[in-house]
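Data from start_28.txt: compact mmCIF, C-alpha atoms
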# COMPACT_ATOMS: atom_id res chain seq x y z
CA MET A 382 -58.69 -11.51 21.50
CA THR A 383 -55.57 -10.06 23.06
CA LEU A 384 -53.85 -13.21 21.93
CA LEU A 385 -54.96 -12.68 18.32
CA ARG A 386 -53.91 -9.04 18.47
CA GLU A 387 -50.58 -10.05 19.87
CA ILE A 388 -50.05 -12.59 17.08
CA ASP A 389 -51.08 -9.99 14.51
CA CYS A 390 -48.51 -7.64 16.01
CA TYR A 391 -45.78 -10.26 15.70
CA VAL A 392 -46.57 -10.81 12.07
CA SER A 393 -47.05 -7.22 10.94
CA ASP A 394 -44.43 -5.49 13.07
CA CYS A 395 -41.78 -7.90 14.16
CA VAL A 396 -41.42 -10.64 11.61
CA ILE A 397 -42.43 -9.40 8.21
CA HIS A 398 -39.47 -7.05 7.81
CA SER A 399 -36.95 -9.62 8.87
CA PRO A 400 -34.72 -11.24 6.23
CA PHE A 401 -35.76 -14.60 7.71
CA ALA A 402 -39.43 -14.14 6.86
CA PRO A 403 -39.42 -16.25 3.64
CA TYR A 404 -37.87 -19.20 5.50
CA ILE A 405 -40.59 -19.08 8.11
CA GLY A 406 -43.18 -19.25 5.32
CA LEU A 407 -41.31 -22.09 3.64
CA PHE A 408 -41.06 -24.27 6.74
CA ALA A 409 -44.63 -23.54 7.78
CA ALA A 410 -45.89 -24.48 4.30
CA ALA A 411 -43.78 -27.66 4.31
CA SER A 412 -45.20 -28.56 7.68
CA VAL A 413 -48.80 -28.04 6.55
CA LEU A 414 -48.18 -30.12 3.41
CA MET A 415 -46.70 -32.95 5.43
CA PHE A 416 -49.63 -32.85 7.85
CA ILE A 417 -52.00 -33.17 4.91
CA ALA A 418 -49.93 -36.08 3.62
CA TYR A 419 -50.01 -37.64 7.10
CA PHE A 420 -53.81 -37.72 7.03
CA ALA A 421 -53.97 -38.85 3.40
CA LEU A 422 -51.45 -41.67 3.54
CA GLN A 423 -52.31 -45.18 4.65
CA ARG A 424 -49.07 -47.03 5.26
CA PRO A 425 -47.86 -46.76 8.87
CA GLU A 426 -44.25 -45.97 8.01
CA HIS A 427 -45.24 -43.22 5.54
CA ARG A 428 -47.51 -41.67 8.14
CA LEU A 429 -44.70 -41.92 10.65
CA TYR A 430 -42.21 -40.04 8.50
CA THR A 431 -44.66 -37.35 7.35
CA PHE A 432 -45.72 -36.75 10.95
CA ALA A 433 -42.15 -36.49 12.13
CA GLY A 434 -41.29 -34.22 9.17
CA ALA A 435 -44.25 -31.96 9.87
CA GLN A 436 -43.22 -31.66 13.51
CA VAL A 437 -39.62 -30.86 12.65
CA SER A 438 -40.62 -28.24 10.02
CA MET A 439 -43.07 -26.61 12.39
CA THR A 440 -40.48 -26.47 15.15
CA ALA A 441 -37.99 -24.97 12.66
CA ALA A 442 -40.56 -22.36 11.57
CA ILE A 443 -41.23 -21.41 15.17
CA ALA A 444 -37.54 -21.30 16.03
CA ILE A 445 -36.80 -19.06 13.03
CA SER A 446 -39.66 -16.69 13.85
CA PHE A 447 -38.30 -16.54 17.36
CA ILE A 448 -34.93 -15.44 16.01
CA ALA A 449 -36.50 -13.10 13.42
CA MET A 450 -38.48 -11.15 15.97
CA THR A 451 -37.34 -7.62 16.57
CA CYS A 452 -39.81 -6.69 19.28
CA ASN A 453 -40.00 -8.20 22.73
CA ARG A 454 -43.73 -8.77 23.10
CA MET A 455 -43.61 -12.44 22.40
CA VAL A 456 -44.93 -14.11 25.51
CA THR A 457 -47.17 -16.51 23.61
CA ILE A 458 -44.41 -17.80 21.42
CA GLU A 459 -42.04 -18.10 24.33
CA LEU A 460 -44.67 -20.07 26.19
CA TYR A 461 -45.28 -22.31 23.20
CA LEU A 462 -41.57 -22.94 22.76
CA ALA A 463 -41.20 -23.79 26.42
CA TYR A 464 -44.15 -26.17 26.14
CA ALA A 465 -42.76 -27.81 23.00
CA GLY A 466 -39.30 -28.11 24.54
CA ILE A 467 -40.46 -29.61 27.80
CA SER A 468 -42.93 -32.02 26.22
CA SER A 469 -40.34 -33.30 23.72
CA ILE A 470 -37.87 -33.91 26.52
CA ILE A 471 -40.50 -35.80 28.49
CA MET A 472 -41.68 -37.83 25.48
CA PHE A 473 -38.22 -38.93 24.51
CA THR A 474 -36.76 -39.52 27.95
CA VAL A 475 -39.62 -41.10 29.92
CA PRO A 476 -39.51 -44.40 27.96
CA ARG A 477 -35.83 -44.64 28.89
CA PHE A 478 -36.47 -44.81 32.59
CA TYR A 479 -40.06 -46.00 32.61
CA ASP A 480 -38.83 -49.41 33.75
CA ARG A 481 -37.52 -47.75 36.95
CA ILE A 482 -41.03 -46.43 37.59
CA LEU A 483 -42.51 -49.90 36.92
CA ILE A 484 -40.07 -51.54 39.32
CA GLY A 485 -41.25 -49.22 42.06
CA ARG A 486 -44.91 -49.52 41.24
CA LEU A 487 -44.91 -53.33 41.04
CA SER A 488 -42.39 -53.71 43.91
CA ALA A 489 -40.53 -55.88 41.42
CA ARG A 490 -37.36 -57.71 42.44
CA GLN A 491 -34.54 -59.19 40.43
CA LEU A 492 -35.39 -62.74 39.41
CA SER A 493 -31.78 -63.84 39.94
CA GLY A 494 -32.51 -63.63 43.68
CA LEU A 495 -35.13 -66.35 43.26
CA ILE A 496 -33.94 -68.52 40.38
CA GLU A 497 -30.67 -68.15 38.55
CA TRP A 498 -30.95 -69.49 35.01
CA PRO A 499 -33.49 -67.09 33.40
CA SER A 500 -31.21 -64.08 33.95
CA VAL A 501 -28.23 -65.99 32.54
CA PHE A 502 -30.32 -67.04 29.54
CA VAL A 503 -31.48 -63.46 28.85
CA LYS A 504 -27.96 -62.02 29.27
CA LYS A 505 -26.87 -64.23 26.36
CA LEU A 506 -29.52 -62.67 24.11
CA THR A 507 -29.40 -59.02 25.12
CA ASN A 508 -28.28 -56.71 27.87
CA ALA A 509 -31.36 -56.78 30.09
CA THR A 510 -32.35 -57.58 33.66
CA VAL A 511 -35.24 -59.90 34.53
CA TYR A 512 -37.56 -58.82 37.33
CA TYR A 513 -40.47 -60.66 38.94
CA PHE A 514 -43.49 -59.20 40.68
CA ASP A 515 -46.16 -60.51 43.00
CA SER A 516 -49.23 -61.52 41.00
CA ALA A 517 -50.88 -64.84 40.27
CA VAL A 518 -52.03 -63.57 36.86
CA PRO A 519 -49.51 -64.85 34.27
CA ARG A 520 -48.00 -61.82 32.54
CA ALA A 521 -44.72 -60.87 30.86
CA PHE A 522 -43.67 -57.56 29.33
CA SER A 523 -40.59 -55.46 28.77
CA SER A 524 -39.72 -51.81 29.21
CA GLY A 525 -36.42 -50.02 28.81
CA ARG A 526 -33.77 -52.65 29.52
CA SER A 527 -35.93 -54.71 31.87
CA ILE A 528 -38.10 -57.78 31.43
CA PHE A 529 -40.94 -58.25 33.91
CA VAL A 530 -42.59 -61.59 34.64
CA SER A 531 -45.27 -62.27 37.22
CA LEU A 532 -44.84 -65.08 39.74
CA GLY A 533 -48.01 -66.58 38.26
CA LEU A 534 -46.20 -66.90 34.94
CA LEU A 535 -43.15 -68.54 36.55
CA GLU A 536 -45.46 -70.93 38.34
CA MET A 537 -47.39 -71.90 35.24
CA LEU A 538 -44.76 -72.37 32.52
CA THR A 539 -42.26 -75.16 32.03
CA CYS A 540 -38.59 -74.15 31.67
CA ASP A 541 -38.73 -74.31 27.86
CA GLU A 542 -41.93 -72.28 27.71
CA LEU A 543 -40.43 -69.67 30.01
CA ARG A 544 -37.33 -69.58 27.78
CA ALA A 545 -39.56 -68.90 24.77
CA VAL A 546 -41.36 -66.06 26.58
CA LEU A 547 -38.06 -64.53 27.72
CA ALA A 548 -36.62 -64.75 24.19
CA HIS A 549 -39.72 -63.03 22.86
CA GLU A 550 -39.31 -60.16 25.36
CA ALA A 551 -35.55 -60.00 24.78
CA TRP A 552 -36.25 -59.44 21.08
CA HIS A 553 -38.46 -56.48 21.98
CA ILE A 554 -35.67 -54.98 24.06
CA ARG A 555 -33.16 -55.43 21.23
CA HIS A 556 -35.61 -53.86 18.81
CA ASN A 557 -36.41 -50.95 21.17
CA SER A 558 -32.77 -50.12 21.66
CA LYS A 559 -32.23 -50.03 17.90
CA THR A 560 -35.13 -47.76 17.05
CA PRO A 561 -36.29 -46.00 20.20
CA LEU A 562 -37.26 -42.77 18.43
CA LEU A 563 -39.21 -44.47 15.67
CA ARG A 564 -41.07 -46.56 18.18
CA GLN A 565 -41.85 -43.51 20.25
CA LEU A 566 -43.12 -41.70 17.18
CA ALA A 567 -45.22 -44.71 16.25
CA ILE A 568 -46.98 -44.44 19.59
CA MET A 569 -47.40 -40.66 19.33
CA THR A 570 -48.86 -40.84 15.84
CA LEU A 571 -51.15 -43.75 16.64
CA THR A 572 -49.64 -45.67 13.76
CA SER A 573 -48.91 -48.68 15.91
CA HIS A 574 -50.84 -51.05 13.66
CA GLN A 575 -47.39 -52.47 13.23
CA THR A 576 -47.44 -53.88 16.77
CA SER A 577 -48.82 -57.16 15.44
CA ALA A 578 -45.94 -57.29 12.96
CA LEU A 579 -43.50 -56.63 15.81
CA GLU A 580 -45.11 -59.38 17.87
CA SER A 581 -44.76 -61.94 15.10
CA LEU A 582 -41.11 -60.98 14.57
CA ALA A 583 -40.51 -61.42 18.29
CA ASP A 584 -42.25 -64.80 18.10
CA GLU A 585 -40.11 -65.78 15.13
CA PHE A 586 -37.00 -64.98 17.15
CA ALA A 587 -38.25 -66.95 20.16
CA ALA A 588 -39.04 -69.93 17.92
CA GLN A 589 -35.49 -69.86 16.57
CA VAL A 590 -33.77 -69.46 19.94
CA VAL A 591 -35.85 -72.02 21.83
CA SER A 592 -38.34 -74.01 19.77
CA ARG A 593 -41.61 -73.55 17.97
CA GLU A 594 -43.30 -76.13 20.22
CA ALA A 595 -42.30 -74.38 23.45
CA LEU A 596 -43.51 -71.07 22.07
CA ALA A 597 -46.80 -72.55 20.91
CA SER A 598 -47.51 -74.27 24.23
CA ALA A 599 -46.59 -71.13 26.19
CA ARG A 600 -48.98 -69.14 23.98
CA ALA A 601 -51.70 -71.73 24.44
CA LYS A 602 -51.32 -71.58 28.23
CA LEU A 603 -51.37 -67.78 28.30
CA GLU A 604 -54.36 -67.45 26.01
CA LEU A 605 -56.52 -70.07 27.70
CA MET B 414 -65.39 -58.93 48.07
CA VAL B 415 -66.83 -57.93 51.40
CA LYS B 416 -68.01 -54.41 50.78
CA LEU B 417 -71.10 -53.41 52.65
CA ASP B 418 -72.60 -51.71 49.62
CA GLN B 419 -72.31 -54.91 47.60
CA ILE B 420 -74.05 -57.41 49.81
CA LYS B 421 -76.45 -59.53 47.76
CA ILE B 422 -79.08 -60.48 50.28
CA SER B 423 -80.87 -62.96 48.01
CA ASN B 424 -77.72 -65.00 47.21
CA ASP B 425 -76.97 -68.26 48.99
CA GLY B 426 -74.41 -68.73 51.73
CA LEU B 427 -71.06 -67.02 51.33
CA THR B 428 -71.94 -65.63 47.89
CA LYS B 429 -73.92 -62.97 49.73
CA PHE B 430 -70.52 -61.41 50.50
CA PHE B 431 -68.09 -62.99 48.03
CA SER B 432 -68.32 -63.66 44.30
CA PRO B 433 -68.98 -67.36 43.53
CA ILE B 434 -65.32 -67.94 42.59
CA GLU B 435 -64.10 -66.15 45.73
CA ALA B 436 -66.46 -68.22 47.85
CA ASP B 437 -65.26 -71.49 46.24
CA ILE B 438 -61.62 -70.56 46.83
CA MET B 439 -62.19 -69.50 50.45
CA ASP B 440 -64.13 -72.71 51.15
CA ALA B 441 -61.26 -74.74 49.68
CA LEU B 442 -58.69 -72.86 51.77
CA TRP B 443 -60.71 -73.25 54.99
CA GLU B 444 -61.11 -76.94 54.32
CA SER B 445 -57.56 -77.82 53.23
CA GLY B 446 -55.21 -75.33 54.90
CA ASP B 447 -52.07 -74.64 52.83
CA MET B 448 -52.65 -75.10 49.11
CA LEU B 449 -50.68 -74.73 45.88
CA THR B 450 -52.29 -72.93 42.95
CA VAL B 451 -52.69 -76.25 41.11
CA GLU B 452 -54.45 -77.77 44.10
CA ILE B 453 -56.85 -74.84 44.22
CA THR B 454 -57.73 -75.12 40.53
CA GLU B 455 -58.22 -78.87 40.90
CA LYS B 456 -60.31 -78.66 44.04
CA THR B 457 -62.53 -75.81 42.87
CA ASN B 458 -62.58 -77.06 39.28
CA ILE B 459 -62.13 -73.51 37.99
CA PRO B 460 -59.52 -72.83 35.26
CA LEU B 461 -56.34 -71.03 36.29
CA THR B 462 -57.06 -67.98 34.16
CA SER B 463 -60.24 -67.33 36.15
CA VAL B 464 -58.68 -68.15 39.50
CA ALA B 465 -55.48 -66.08 39.17
CA GLY B 466 -56.99 -62.60 39.31
CA THR B 467 -59.36 -63.64 42.08
CA LEU B 468 -56.47 -64.98 44.16
CA ASP B 469 -54.67 -61.63 43.75
CA ARG B 470 -57.81 -59.83 44.94
CA LEU B 471 -58.35 -62.11 47.93
CA VAL B 472 -54.72 -61.61 48.99
CA LYS B 473 -54.93 -57.85 48.51
CA ALA B 474 -58.17 -57.66 50.51
CA GLY B 475 -56.54 -59.63 53.32
CA PHE B 476 -58.75 -62.73 53.23
CA ALA B 477 -55.99 -65.03 51.97
CA THR B 478 -52.23 -64.95 52.42
CA ARG B 479 -49.56 -66.49 50.24
CA HIS B 480 -45.83 -66.98 50.25
CA VAL B 481 -43.40 -68.08 47.58
CA GLU B 482 -41.66 -71.43 47.78
CA ASN B 483 -38.79 -72.51 45.60
CA VAL B 484 -39.11 -76.23 44.93
CA ASN B 485 -36.27 -77.70 42.80
CA GLY B 486 -35.75 -74.45 40.91
CA ARG B 487 -39.48 -74.04 40.33
CA VAL B 488 -41.39 -71.21 41.94
CA ARG B 489 -44.68 -71.96 43.67
CA TYR B 490 -47.21 -69.87 45.54
CA VAL B 491 -48.54 -71.45 48.73
CA TYR B 492 -51.91 -70.07 49.80
CA SER B 493 -53.74 -70.17 53.09
CA ALA B 494 -56.76 -68.43 54.58
CA ALA B 495 -55.78 -65.35 56.58
CA PHE B 496 -58.49 -66.00 59.16
CA THR B 497 -60.51 -69.06 60.14
CA HIS B 498 -64.06 -69.46 58.90
CA ASP B 499 -65.43 -68.38 62.29
CA GLU B 500 -63.18 -65.32 62.51
CA THR B 501 -64.27 -64.23 59.04
CA ALA B 502 -67.94 -64.84 59.91
CA ASN B 503 -67.43 -62.76 63.04
CA GLU B 504 -65.84 -59.91 61.11
CA ILE B 505 -68.58 -59.82 58.47
CA THR B 506 -71.36 -60.08 61.06
CA THR B 507 -69.93 -57.22 63.11
CA ARG B 508 -69.64 -55.00 60.08
CA VAL B 509 -73.17 -55.73 58.87
CA LEU B 510 -74.68 -55.29 62.34
CA ASP B 511 -72.79 -52.02 62.83
CA SER B 512 -74.19 -50.69 59.57
CA LEU B 513 -77.74 -51.76 60.51
CA VAL B 514 -77.55 -50.07 63.91
CA ASP B 515 -76.02 -47.05 62.25
CA ALA B 516 -78.93 -46.83 59.82
CA PHE B 517 -81.88 -47.82 62.01
CA GLY B 518 -80.71 -47.40 65.62
CA GLU B 519 -83.22 -48.64 68.20
CA VAL B 520 -85.34 -50.55 65.67
CA ALA B 521 -82.36 -52.65 64.61
CA VAL B 522 -81.40 -53.40 68.20
CA GLU B 523 -84.99 -54.46 69.01
CA ASN B 524 -84.89 -56.89 66.10
CA PHE B 525 -81.61 -58.42 67.33
CA ALA B 526 -83.24 -58.92 70.71
CA ARG B 527 -86.08 -60.78 68.98
CA TYR B 528 -83.47 -62.98 67.29
CA THR B 529 -81.72 -63.94 70.52
CA GLY B 530 -85.13 -64.68 71.99
CA LYS B 531 -85.91 -67.04 69.11
CA ASN B 532 -82.65 -68.93 69.51
CA LYS B 533 -83.29 -69.66 73.18

Would you mind writing the structure in this file as structure tokens?
Amino acid sequence: MTLLREIDCYVSDCVIHSPFAPYIGLFAAASVLMFIAYFALQRPEHRLYTFAGAQVSMTAAIAISFIAMTCNRMVTIELYLAYAGISSIIMFTVPRFYDRILIGRLSARQLSGLIEWPSVFVKKLTNATVYYFDSAVPRAFSSGRSIFVSLGLLEMLTCDELRAVLAHEAWHIRHNSKTPLLRQLAIMTLTSHQTSALESLADEFAAQVVSREALASARAKLEL
Amino acid sequence: MVKLDQIKISNDGLTKFFSPIEADIMDALWESGDMLTVEITEKTNIPLTSVAGTLDRLVKAGFATRHVENVNGRVRYVYSAAFTHDETANEITTRVLDSLVDAFGEVAVENFARYTGKNK
């Protein structure tokens, strides 16, 4: 209740007389409209942009009301701003160094210490480091600027198949570095239906760089 | 894996304490010593996808050990049993007996005595 009273106080005392008040209304309305559009639209990229737009408008509305306030009883809004600020920083920076966390968690080591050619091969495609980790379960994935492969995968694949897997992951890294924010938003907005599209693009790239046969046999081995 | 709360008394042999795949792998390792992953899948006749996770678990639980070998630019795991069959049997027996004595005290000990009597 005190919270509601406090908000009421902001609106009736602090904000309404400010010259900024119409802009707050405008941005808030835009944000609500875009949220409605976000729920109504079907296509992933449309949902992505409306969600991002709604977020930006809402943040703008909050920022303007913060400026417009003439009283100093605004703990709730300060708290909300701090929350929004900190969570945005975390959401946009964690993916950048998440590979560091993975290296620690998996006790991963650079593959070049074990075998040379995969790192050389990947360097030609993109600026990334290949790491291996101790597990018999064949797995490969990428994060940040790192590609991770399990020893089980190295053990199981032929050189060409491994090349195809590495090319596939290298494509993901290229793609991530081009559109990190969009990708991040896609995850936040649960619009990642496009992952399958991304996977087939990565496969297409791997088929071009290595060969369709190597890719197919690597897939067959991994999906047994 | 050997957890006292997961002992299946009605199962046969080692599968009282291990899952069937774990038991097959441990038997193979006790019989053959050092083994490559391929040799394990061939000997146990279990596909790699089923064996891989189990091997990770056995290594993590300390029943098997493995090291990496680099043969002509190809990486291979070499597995071996961490303890002999008898050592493992000893370990499991001790743990089970401890838990029985812990739960039933004197009664359990009396029953062991009956057992040793039978064997003689």

Could you produce a table of the residues of chain A lying within 12 Å of chain B, with the nearest pair of atoms per residue and their separation in Å rounded to one decimal, using all atoms listed in the file, ordered by chain and increasing residue number, as a Markdown table?
| residue | atom | partner | partner_atom | distance |
| --- | --- | --- | --- | --- |
| A:Leu492 | CA | B:Val488 | CA | 10.7 |
| A:Ser493 | CA | B:Gly486 | CA | 11.4 |
| A:Gly494 | CA | B:Asn483 | CA | 11.0 |
| A:Leu495 | CA | B:Asn483 | CA | 7.5 |
| A:Ile496 | CA | B:Gly486 | CA | 6.2 |
| A:Glu497 | CA | B:Gly486 | CA | 8.4 |
| A:Trp498 | CA | B:Gly486 | CA | 9.1 |
| A:Pro499 | CA | B:Gly486 | CA | 10.8 |
| A:Tyr513 | CA | B:Val488 | CA | 11.0 |
| A:Phe514 | CA | B:Val481 | CA | 11.2 |
| A:Asp515 | CA | B:Asp469 | CA | 8.6 |
| A:Ser516 | CA | B:Asp469 | CA | 6.1 |
| A:Ala517 | CA | B:Ala465 | CA | 4.9 |
| A:Val518 | CA | B:Ala465 | CA | 4.9 |
| A:Pro519 | CA | B:Ala465 | CA | 7.8 |
| A:Arg520 | CA | B:Ala465 | CA | 10.9 |
| A:Ser531 | CA | B:Val488 | CA | 10.8 |
| A:Leu532 | CA | B:Val488 | CA | 7.4 |
| A:Gly533 | CA | B:Ala465 | CA | 7.5 |
| A:Leu534 | CA | B:Val488 | CA | 9.5 |
| A:Leu535 | CA | B:Val488 | CA | 6.3 |
| A:Glu536 | CA | B:Val488 | CA | 5.4 |
| A:Met537 | CA | B:Arg489 | CA | 8.9 |
| A:Leu538 | CA | B:Arg487 | CA | 9.6 |
| A:Thr539 | CA | B:Arg487 | CA | 8.8 |
| A:Cys540 | CA | B:Arg487 | CA | 8.7 |
| A:Leu543 | CA | B:Arg487 | CA | 11.2 |
| A:Ala601 | CA | B:Thr462 | CA | 11.7 |
| A:Lys602 | CA | B:Thr462 | CA | 9.0 |
| A:Leu603 | CA | B:Thr462 | CA | 8.2 |
| A:Glu604 | CA | B:Thr462 | CA | 8.6 |
| A:Leu605 | CA | B:Thr462 | CA | 6.8 |

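For the set A:Ser524, A:Met472, A:Ile417, A:Asp541, the residue with the smallest atom-to-atom gap to Ala588 (chain A) is A:Asp541, counting all atoms listed in the file.
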
Using CA of Gly485 (chain A) and CA of Ser527 (chain A) as the two end points, give the distance in Å to one decimal.
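Taking CA of Gly485 (chain A) as the start and CA of Ser527 (chain A) as the end point, the length is 12.7 Å.
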
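The space between CA of Ala418 (chain A) and CA of Pro403 (chain A) spans 22.4 Å.
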
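Neighbours of Tyr492 (chain B) closer than or equal to 6 Å, with all atoms listed in the file counted and sequence neighbours fewer than 6 positions away skipped, come out as B:Asp447, B:Met448, B:Thr478, B:Arg479.
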
Would you give the centre and edge lengths, in Å to one decimal, of a box along x, y and z around the listed atoms of region 489-492 of chain B, with 3 Å added to each side, as lines of an AutoDock Vina configuration file?
center_x = -48.3
center_y = -70.9
center_z = 46.7
size_x = 13.2
size_y = 8.1
size_z = 12.1

Determine, counting all atoms listed in the file, which protein, DNA and RNA residues have an atom within 10 Å of an atom of region 500-512 of chain A; residues of the same chain fewer than 4 positions away are not included. Present the result as an NGL selection string.
:A and (484 or 487-496 or 521 or 523-532 or 544 or 547-548 or 550-555 or 590)

Suppose you want the space between CA of Ser432 (chain B) and CA of Val491 (chain B); what is it in Å?
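So the answer is 21.7 Å.
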
Report as an NGL selection string all protein, DNA and RNA residues lying within 8 Å of Met439 (chain B), evaluated on all atoms listed in the file, omitting residues in the same chain fewer than 3 positions from it.
:B and (435-436 or 442-443 or 477 or 494)

Quick one: region 466-484 of chain A with N, CA and C atoms, as a short mmCIF file (atom, residue, chain, number, x, y, z; two decimals), in the frame of the given file?
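File selection.cif, as written:
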data_model
loop_
_atom_site.label_atom_id
_atom_site.label_comp_id
_atom_site.auth_asym_id
_atom_site.auth_seq_id
_atom_site.Cartn_x
_atom_site.Cartn_y
_atom_site.Cartn_z
N GLY A 466 -40.59 -27.60 24.05
CA GLY A 466 -39.30 -28.11 24.54
C GLY A 466 -39.49 -29.12 25.65
N ILE A 467 -40.29 -28.73 26.63
CA ILE A 467 -40.46 -29.61 27.80
C ILE A 467 -41.15 -30.90 27.39
N SER A 468 -42.21 -30.78 26.56
CA SER A 468 -42.93 -32.02 26.22
C SER A 468 -42.07 -32.95 25.38
N SER A 469 -41.21 -32.38 24.48
CA SER A 469 -40.34 -33.30 23.72
C SER A 469 -39.38 -34.01 24.63
N ILE A 470 -38.82 -33.27 25.59
CA ILE A 470 -37.87 -33.91 26.52
C ILE A 470 -38.56 -35.04 27.25
N ILE A 471 -39.79 -34.77 27.75
CA ILE A 471 -40.50 -35.80 28.49
C ILE A 471 -40.80 -37.00 27.59
N MET A 472 -41.28 -36.72 26.35
CA MET A 472 -41.68 -37.83 25.48
C MET A 472 -40.51 -38.71 25.10
N PHE A 473 -39.34 -38.11 24.95
CA PHE A 473 -38.22 -38.93 24.51
C PHE A 473 -37.39 -39.51 25.66
N THR A 474 -37.56 -38.97 26.86
CA THR A 474 -36.76 -39.52 27.95
C THR A 474 -37.54 -40.47 28.85
N VAL A 475 -38.86 -40.24 29.01
CA VAL A 475 -39.62 -41.10 29.92
C VAL A 475 -39.50 -42.58 29.57
N PRO A 476 -39.63 -42.97 28.26
CA PRO A 476 -39.51 -44.40 27.96
C PRO A 476 -38.17 -44.99 28.40
N ARG A 477 -37.16 -44.14 28.51
CA ARG A 477 -35.83 -44.64 28.89
C ARG A 477 -35.78 -45.09 30.34
N PHE A 478 -36.53 -44.38 31.20
CA PHE A 478 -36.47 -44.81 32.59
C PHE A 478 -37.83 -45.25 33.11
N TYR A 479 -38.75 -45.55 32.17
CA TYR A 479 -40.06 -46.00 32.61
C TYR A 479 -39.96 -47.31 33.37
N ASP A 480 -38.98 -48.15 33.02
CA ASP A 480 -38.83 -49.41 33.75
C ASP A 480 -38.53 -49.17 35.23
N ARG A 481 -37.79 -48.08 35.53
CA ARG A 481 -37.52 -47.75 36.95
C ARG A 481 -38.84 -47.50 37.67
N ILE A 482 -39.73 -46.74 36.99
CA ILE A 482 -41.03 -46.43 37.59
C ILE A 482 -41.82 -47.72 37.82
N LEU A 483 -41.78 -48.63 36.80
CA LEU A 483 -42.51 -49.90 36.92
C LEU A 483 -41.98 -50.73 38.08
N ILE A 484 -40.66 -50.75 38.24
CA ILE A 484 -40.07 -51.54 39.32
C ILE A 484 -40.63 -51.08 40.65
#
